[in-house]
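A.B. asks: Questions regarding the structure given below will be posed in turn.
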Amino acid sequence: MKYPSIIASAALIAFPTWLPAAPGSDPSAQPHIEHIAVWVKDVDRTARFLSETLGWRRHPLVFGVNDDDKIFGGMNLAFVDANGLWLELVQPTTPGPGMDFLKEKGDGALVELDFFVDDFDKAEAAIRAKGIKPVGMDGKPLVNGGRLTEWAIEGGKRVPGEERLLYLPMDVSGGTSVEIGWEYPSGVVLYRDATWTDTQRTPRSGPRVDHTVVLAADLEKSAKFYTGVLGLPRIPDKRGVRHDWMSVGDATQAWFKGNGKGFGIQVVAAPATAAGSALIKNPKYGDGAIMELDVEVEDIDAFFDQMKVKGITMTAGDGSALHGGQKAVIEDSGVRYSYFPEQKSEGMRIMVYQQAAKK
C-alpha cells in the first residue's frame, strides 16, 4: 500500500526490539508474537461477538488475499484488538490451505501463533542454521522468499500491501502452526498500528487476553522448541491458572513470555485421563493445538451476570453446566474461571477468569 502519511519517517517503519535476545544471537532475528490467527466462517459475525461480549474493538482496516493466490488461497481478513494482543480473523474464500484448515478445525479454531521479526533474512538464516527448513503455508518448500501480496481498501480503492512469511515444519513445532513474518513499508500491520489511536483502541480497563494454551503430547520437547528455536524466555507460573478440570498441575505445564506486553504462552501436557486422550484424538485439537484464549477480568461474578443478560450462560471447563448457583469454578489456588459455550462464541474456546485475591 502507499501510505505517505505514515512512511515519511524511517522510524515509523522500523520494528522495535521486543525481547532480549539469547546470548550471542542477533536481536533483529528474535521473534515476538504479533497476533493469533483465528479461522472463521464469517469475519463480521465473529468480530461482532467479540465486541458485544468482551468489548474488543475491530480495526476498521478492510483487507484480504486475492482469490487467485496459488499458495494461500483467497481470504477476507480483519484485526480485533484483544486488549493485550491482536487477533487476526481469517475467512477463507477459495480452495487452498486456508480453506483446508477451516474444514479440518472448524469455525473459531485458533490455528496459528504469528510471530514477527525485525530482519526476515537474518531470522530465516538463523532458523536454517539450526538445521530447520522453513516451508510455506501449504507445507511445501518456501518459494519467492515467502513474499505475500495482500489487498486493502484505502480511500475506497483496493491497493496492494506486501509482507514476507515463513512457517516452521509441524514436526519441529510439535504440531503447532507457527508463522514468522516481516512487513514491507506497504504492509497492512504497519498501517494498522499507525492508524489506531488511543481513543480507538479497546479500553484497557476491560477484559484482556492474558495468555493462550497449547496442548502438547511431550511437554519438554515442546518447551525446547519455544526456548531453542523461537528464543522465548521460560518463566515461572505466576498466574495460578492450572486448568484443574484437565488435571494440569505444576509438573505438567510450562510458561513462556511471548512479547514485552505481558502476553504469555502456556503449554500443557495432555493428561493421562479420558479427557486428555479425547483432546489428543479430537480433530479440532490434537498434539500442538492452540486450545483456547484465557481472558482475565476484574470481577467474574459481574461478568457472568452481564453475559446472562445477553442470553449467554457460562459453563465449566468440560462444557458442563455450573451447578448450585455457581458463577465460576473455584480452583484450590483461588482462581475462579468459566467458559463461553462454544455454540455462542462462534466456535472459539475462551476461558474467562479472575485471579485469586492477594493476601
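Ligands are numbered from 1 in the order shown, chains are lettered A, B, ... in the order of the C-alpha cells, and residues start at 1 in each chain.
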Let's see if you can do this: from backbone DSSP, list all alpha helix (DSSP H) residues in segment 17-188 of chain A, as a PDB file with N, CA and C atoms, in the first residue's frame.

C.D. replies:
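Result file is result-v2.pdb:
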```
ATOM      1  N   VAL A  43     -16.229 -13.381   9.098  1.00  0.00           N
ATOM      2  CA  VAL A  43     -15.426 -12.385   9.807  1.00  0.00           C
ATOM      3  C   VAL A  43     -16.308 -11.400  10.566  1.00  0.00           C
ATOM      4  N   ASP A  44     -17.338 -10.901   9.921  1.00  0.00           N
ATOM      5  CA  ASP A  44     -18.178  -9.880  10.544  1.00  0.00           C
ATOM      6  C   ASP A  44     -18.895 -10.411  11.778  1.00  0.00           C
ATOM      7  N   ARG A  45     -19.425 -11.601  11.686  1.00  0.00           N
ATOM      8  CA  ARG A  45     -20.170 -12.181  12.799  1.00  0.00           C
ATOM      9  C   ARG A  45     -19.261 -12.448  13.998  1.00  0.00           C
ATOM     10  N   THR A  46     -18.055 -12.968  13.743  1.00  0.00           N
ATOM     11  CA  THR A  46     -17.129 -13.251  14.836  1.00  0.00           C
ATOM     12  C   THR A  46     -16.651 -11.966  15.487  1.00  0.00           C
ATOM     13  N   ALA A  47     -16.321 -10.956  14.681  1.00  0.00           N
ATOM     14  CA  ALA A  47     -15.886  -9.681  15.236  1.00  0.00           C
ATOM     15  C   ALA A  47     -17.002  -9.054  16.074  1.00  0.00           C
ATOM     16  N   ARG A  48     -18.232  -9.210  15.629  1.00  0.00           N
ATOM     17  CA  ARG A  48     -19.371  -8.654  16.379  1.00  0.00           C
ATOM     18  C   ARG A  48     -19.513  -9.345  17.735  1.00  0.00           C
ATOM     19  N   PHE A  49     -19.353 -10.657  17.772  1.00  0.00           N
ATOM     20  CA  PHE A  49     -19.422 -11.382  19.044  1.00  0.00           C
ATOM     21  C   PHE A  49     -18.362 -10.886  20.022  1.00  0.00           C
ATOM     22  N   LEU A  50     -17.130 -10.745  19.553  1.00  0.00           N
ATOM     23  CA  LEU A  50     -16.035 -10.308  20.424  1.00  0.00           C
ATOM     24  C   LEU A  50     -16.274  -8.900  20.946  1.00  0.00           C
ATOM     25  N   SER A  51     -16.859  -8.065  20.127  1.00  0.00           N
ATOM     26  CA  SER A  51     -17.149  -6.700  20.536  1.00  0.00           C
ATOM     27  C   SER A  51     -18.280  -6.642  21.556  1.00  0.00           C
ATOM     28  N   GLU A  52     -19.344  -7.393  21.294  1.00  0.00           N
ATOM     29  CA  GLU A  52     -20.528  -7.312  22.139  1.00  0.00           C
ATOM     30  C   GLU A  52     -20.355  -7.991  23.488  1.00  0.00           C
ATOM     31  N   THR A  53     -19.468  -8.981  23.582  1.00  0.00           N
ATOM     32  CA  THR A  53     -19.294  -9.706  24.847  1.00  0.00           C
ATOM     33  C   THR A  53     -18.066  -9.250  25.635  1.00  0.00           C
ATOM     34  N   LEU A  54     -16.947  -9.046  24.941  1.00  0.00           N
ATOM     35  CA  LEU A  54     -15.699  -8.719  25.625  1.00  0.00           C
ATOM     36  C   LEU A  54     -15.271  -7.272  25.445  1.00  0.00           C
ATOM     37  N   PRO A  97      -4.802 -23.927   1.343  1.00  0.00           N
ATOM     38  CA  PRO A  97      -4.522 -24.385   2.709  1.00  0.00           C
ATOM     39  C   PRO A  97      -5.407 -23.712   3.749  1.00  0.00           C
ATOM     40  N   GLY A  98      -5.797 -22.452   3.498  1.00  0.00           N
ATOM     41  CA  GLY A  98      -6.676 -21.776   4.440  1.00  0.00           C
ATOM     42  C   GLY A  98      -8.023 -22.469   4.548  1.00  0.00           C
ATOM     43  N   MET A  99      -8.620 -22.789   3.407  1.00  0.00           N
ATOM     44  CA  MET A  99      -9.901 -23.494   3.400  1.00  0.00           C
ATOM     45  C   MET A  99      -9.750 -24.890   3.989  1.00  0.00           C
ATOM     46  N   ASP A 100      -8.604 -25.524   3.742  1.00  0.00           N
ATOM     47  CA  ASP A 100      -8.360 -26.859   4.307  1.00  0.00           C
ATOM     48  C   ASP A 100      -8.337 -26.795   5.832  1.00  0.00           C
ATOM     49  N   PHE A 101      -7.683 -25.770   6.382  1.00  0.00           N
ATOM     50  CA  PHE A 101      -7.651 -25.600   7.835  1.00  0.00           C
ATOM     51  C   PHE A 101      -9.062 -25.434   8.387  1.00  0.00           C
ATOM     52  N   LEU A 102      -9.866 -24.611   7.729  1.00  0.00           N
ATOM     53  CA  LEU A 102     -11.219 -24.349   8.208  1.00  0.00           C
ATOM     54  C   LEU A 102     -12.050 -25.629   8.217  1.00  0.00           C
ATOM     55  N   LYS A 103     -11.942 -26.426   7.160  1.00  0.00           N
ATOM     56  CA  LYS A 103     -12.698 -27.672   7.089  1.00  0.00           C
ATOM     57  C   LYS A 103     -12.237 -28.663   8.145  1.00  0.00           C
ATOM     58  N   GLU A 104     -10.918 -28.679   8.418  1.00  0.00           N
ATOM     59  CA  GLU A 104     -10.372 -29.633   9.380  1.00  0.00           C
ATOM     60  C   GLU A 104     -10.654 -29.217  10.819  1.00  0.00           C
ATOM     61  N   LYS A 105     -10.442 -27.936  11.131  1.00  0.00           N
ATOM     62  CA  LYS A 105     -10.517 -27.478  12.519  1.00  0.00           C
ATOM     63  C   LYS A 105     -11.872 -26.904  12.904  1.00  0.00           C
ATOM     64  N   PHE A 120      13.898 -10.239   8.349  1.00  0.00           N
ATOM     65  CA  PHE A 120      13.415 -11.536   7.890  1.00  0.00           C
ATOM     66  C   PHE A 120      14.554 -12.432   7.401  1.00  0.00           C
ATOM     67  N   ASP A 121      15.484 -11.867   6.626  1.00  0.00           N
ATOM     68  CA  ASP A 121      16.573 -12.677   6.083  1.00  0.00           C
ATOM     69  C   ASP A 121      17.439 -13.262   7.193  1.00  0.00           C
ATOM     70  N   LYS A 122      17.731 -12.444   8.208  1.00  0.00           N
ATOM     71  CA  LYS A 122      18.540 -12.948   9.326  1.00  0.00           C
ATOM     72  C   LYS A 122      17.788 -14.013  10.112  1.00  0.00           C
ATOM     73  N   ALA A 123      16.493 -13.802  10.285  1.00  0.00           N
ATOM     74  CA  ALA A 123      15.701 -14.784  11.012  1.00  0.00           C
ATOM     75  C   ALA A 123      15.639 -16.105  10.253  1.00  0.00           C
ATOM     76  N   GLU A 124      15.450 -16.019   8.934  1.00  0.00           N
ATOM     77  CA  GLU A 124      15.429 -17.242   8.135  1.00  0.00           C
ATOM     78  C   GLU A 124      16.780 -17.949   8.194  1.00  0.00           C
ATOM     79  N   ALA A 125      17.864 -17.174   8.097  1.00  0.00           N
ATOM     80  CA  ALA A 125      19.198 -17.773   8.161  1.00  0.00           C
ATOM     81  C   ALA A 125      19.432 -18.443   9.510  1.00  0.00           C
ATOM     82  N   ALA A 126      18.958 -17.815  10.588  1.00  0.00           N
ATOM     83  CA  ALA A 126      19.133 -18.388  11.926  1.00  0.00           C
ATOM     84  C   ALA A 126      18.372 -19.701  12.056  1.00  0.00           C
ATOM     85  N   ILE A 127      17.197 -19.757  11.453  1.00  0.00           N
ATOM     86  CA  ILE A 127      16.413 -20.986  11.501  1.00  0.00           C
ATOM     87  C   ILE A 127      17.093 -22.089  10.698  1.00  0.00           C
ATOM     88  N   ARG A 128      17.589 -21.740   9.520  1.00  0.00           N
ATOM     89  CA  ARG A 128      18.263 -22.743   8.695  1.00  0.00           C
ATOM     90  C   ARG A 128      19.557 -23.221   9.360  1.00  0.00           C
ATOM     91  N   ALA A 129      20.216 -22.324  10.099  1.00  0.00           N
ATOM     92  CA  ALA A 129      21.448 -22.699  10.799  1.00  0.00           C
ATOM     93  C   ALA A 129      21.192 -23.767  11.866  1.00  0.00           C
ATOM     94  N   MET A 170       5.757 -28.716  11.013  1.00  0.00           N
ATOM     95  CA  MET A 170       4.965 -29.179  12.147  1.00  0.00           C
ATOM     96  C   MET A 170       5.735 -30.138  13.047  1.00  0.00           C
ATOM     97  N   ASP A 171       6.631 -30.948  12.452  1.00  0.00           N
ATOM     98  CA  ASP A 171       7.383 -31.878  13.301  1.00  0.00           C
ATOM     99  C   ASP A 171       8.399 -31.146  14.169  1.00  0.00           C
ATOM    100  N   VAL A 172       8.756 -29.929  13.793  1.00  0.00           N
ATOM    101  CA  VAL A 172       9.661 -29.108  14.604  1.00  0.00           C
ATOM    102  C   VAL A 172       8.888 -28.383  15.704  1.00  0.00           C
ATOM    103  N   SER A 173       7.713 -27.870  15.353  1.00  0.00           N
ATOM    104  CA  SER A 173       6.932 -27.047  16.288  1.00  0.00           C
ATOM    105  C   SER A 173       6.049 -27.862  17.219  1.00  0.00           C
ATOM    106  N   VAL A 188       0.188  -4.261   5.800  1.00  0.00           N
ATOM    107  CA  VAL A 188      -1.049  -3.882   6.484  1.00  0.00           C
ATOM    108  C   VAL A 188      -0.856  -3.739   7.995  1.00  0.00           C
TER     109      VAL A 188
END
```

A.B. asks: Which of these residues is nearest to Pro92 of chain A, using only C-alpha atoms: A:Glu34, A:Asp138, A:Glu298, A:Asp67?

C.D. replies: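 The shortest atom-to-atom distance to Pro92 of chain A comes from A:Asp67.
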
A.B. asks: State, in Å with one decimal place, the distance from atom CA of Gln266 of chain A to atom CA of Leu89 of chain A.

C.D. replies: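 Computing it gives 21.6 Å between the two atoms.
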
A.B. asks: So how many Å separate atom CA of Arg147 of chain A and atom CA of Ile290 of chain A, to one decimal?

C.D. replies: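 Interatomic distance, atom CA of Arg147 of chain A to atom CA of Ile290 of chain A: 25.4 Å.
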
A.B. asks: I'd like the interatomic distance between atom CA of Glu162 of chain A and atom CA of Leu148 of chain A, to a tenth of an Å.

C.D. replies: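 The value is 5.7 Å.
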
A.B. asks: I need the strand (DSSP E or B) residues of segment 15-104 of chain A per DSSP on the backbone, written as JSON, numbers by chain.

C.D. replies: {"A": [32, 33, 34, 35, 36, 37, 38, 39, 57, 58, 63, 64, 65, 75, 76, 77, 78, 79, 80, 81, 86, 87, 88, 89, 90, 91, 92]}

A.B. asks: Go ahead and write the residues just picked, C-alpha atoms, as a PDB file, in the first residue's frame.

C.D. replies:
```
ATOM      1  CA  HIS A  32       7.990 -11.714  19.099  1.00  0.00           C
ATOM      2  CA  ILE A  33       4.372 -12.770  18.995  1.00  0.00           C
ATOM      3  CA  GLU A  34       2.374 -10.312  16.911  1.00  0.00           C
ATOM      4  CA  HIS A  35      -1.060 -11.878  16.743  1.00  0.00           C
ATOM      5  CA  ILE A  36      -3.004 -15.137  16.836  1.00  0.00           C
ATOM      6  CA  ALA A  37      -4.877 -16.216  13.714  1.00  0.00           C
ATOM      7  CA  VAL A  38      -8.451 -17.436  14.161  1.00  0.00           C
ATOM      8  CA  TRP A  39     -10.115 -19.277  11.271  1.00  0.00           C
ATOM      9  CA  ARG A  57     -12.814  -3.451  19.057  1.00  0.00           C
ATOM     10  CA  ARG A  58     -12.318  -4.286  15.407  1.00  0.00           C
ATOM     11  CA  PHE A  63      -8.047  -6.320   3.807  1.00  0.00           C
ATOM     12  CA  GLY A  64      -7.510  -9.798   2.411  1.00  0.00           C
ATOM     13  CA  VAL A  65      -5.683 -12.061  -0.033  1.00  0.00           C
ATOM     14  CA  MET A  75      -9.045 -14.775   2.248  1.00  0.00           C
ATOM     15  CA  ASN A  76     -11.040 -11.998   3.879  1.00  0.00           C
ATOM     16  CA  LEU A  77      -9.218 -10.709   6.974  1.00  0.00           C
ATOM     17  CA  ALA A  78      -9.810  -8.471   9.963  1.00  0.00           C
ATOM     18  CA  PHE A  79      -7.900  -7.429  13.090  1.00  0.00           C
ATOM     19  CA  VAL A  80      -9.518  -7.302  16.523  1.00  0.00           C
ATOM     20  CA  ASP A  81      -7.797  -5.577  19.467  1.00  0.00           C
ATOM     21  CA  TRP A  86      -4.215  -8.664  18.244  1.00  0.00           C
ATOM     22  CA  LEU A  87      -6.440 -11.411  16.860  1.00  0.00           C
ATOM     23  CA  GLU A  88      -6.443 -11.836  13.092  1.00  0.00           C
ATOM     24  CA  LEU A  89      -9.737 -13.239  11.873  1.00  0.00           C
ATOM     25  CA  VAL A  90      -9.267 -15.293   8.710  1.00  0.00           C
ATOM     26  CA  GLN A  91     -12.174 -16.231   6.469  1.00  0.00           C
ATOM     27  CA  PRO A  92     -11.006 -18.418   3.546  1.00  0.00           C
TER      28      PRO A  92
END
```

A.B. asks: With only C-alpha atoms as the atoms that count, which of A:Met351, A:Leu293, A:Ala217, A:Ala254 lies nearest to Leu110 of chain A?

C.D. replies: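 Selected residue with least distance to Leu110 of chain A: A:Leu293.
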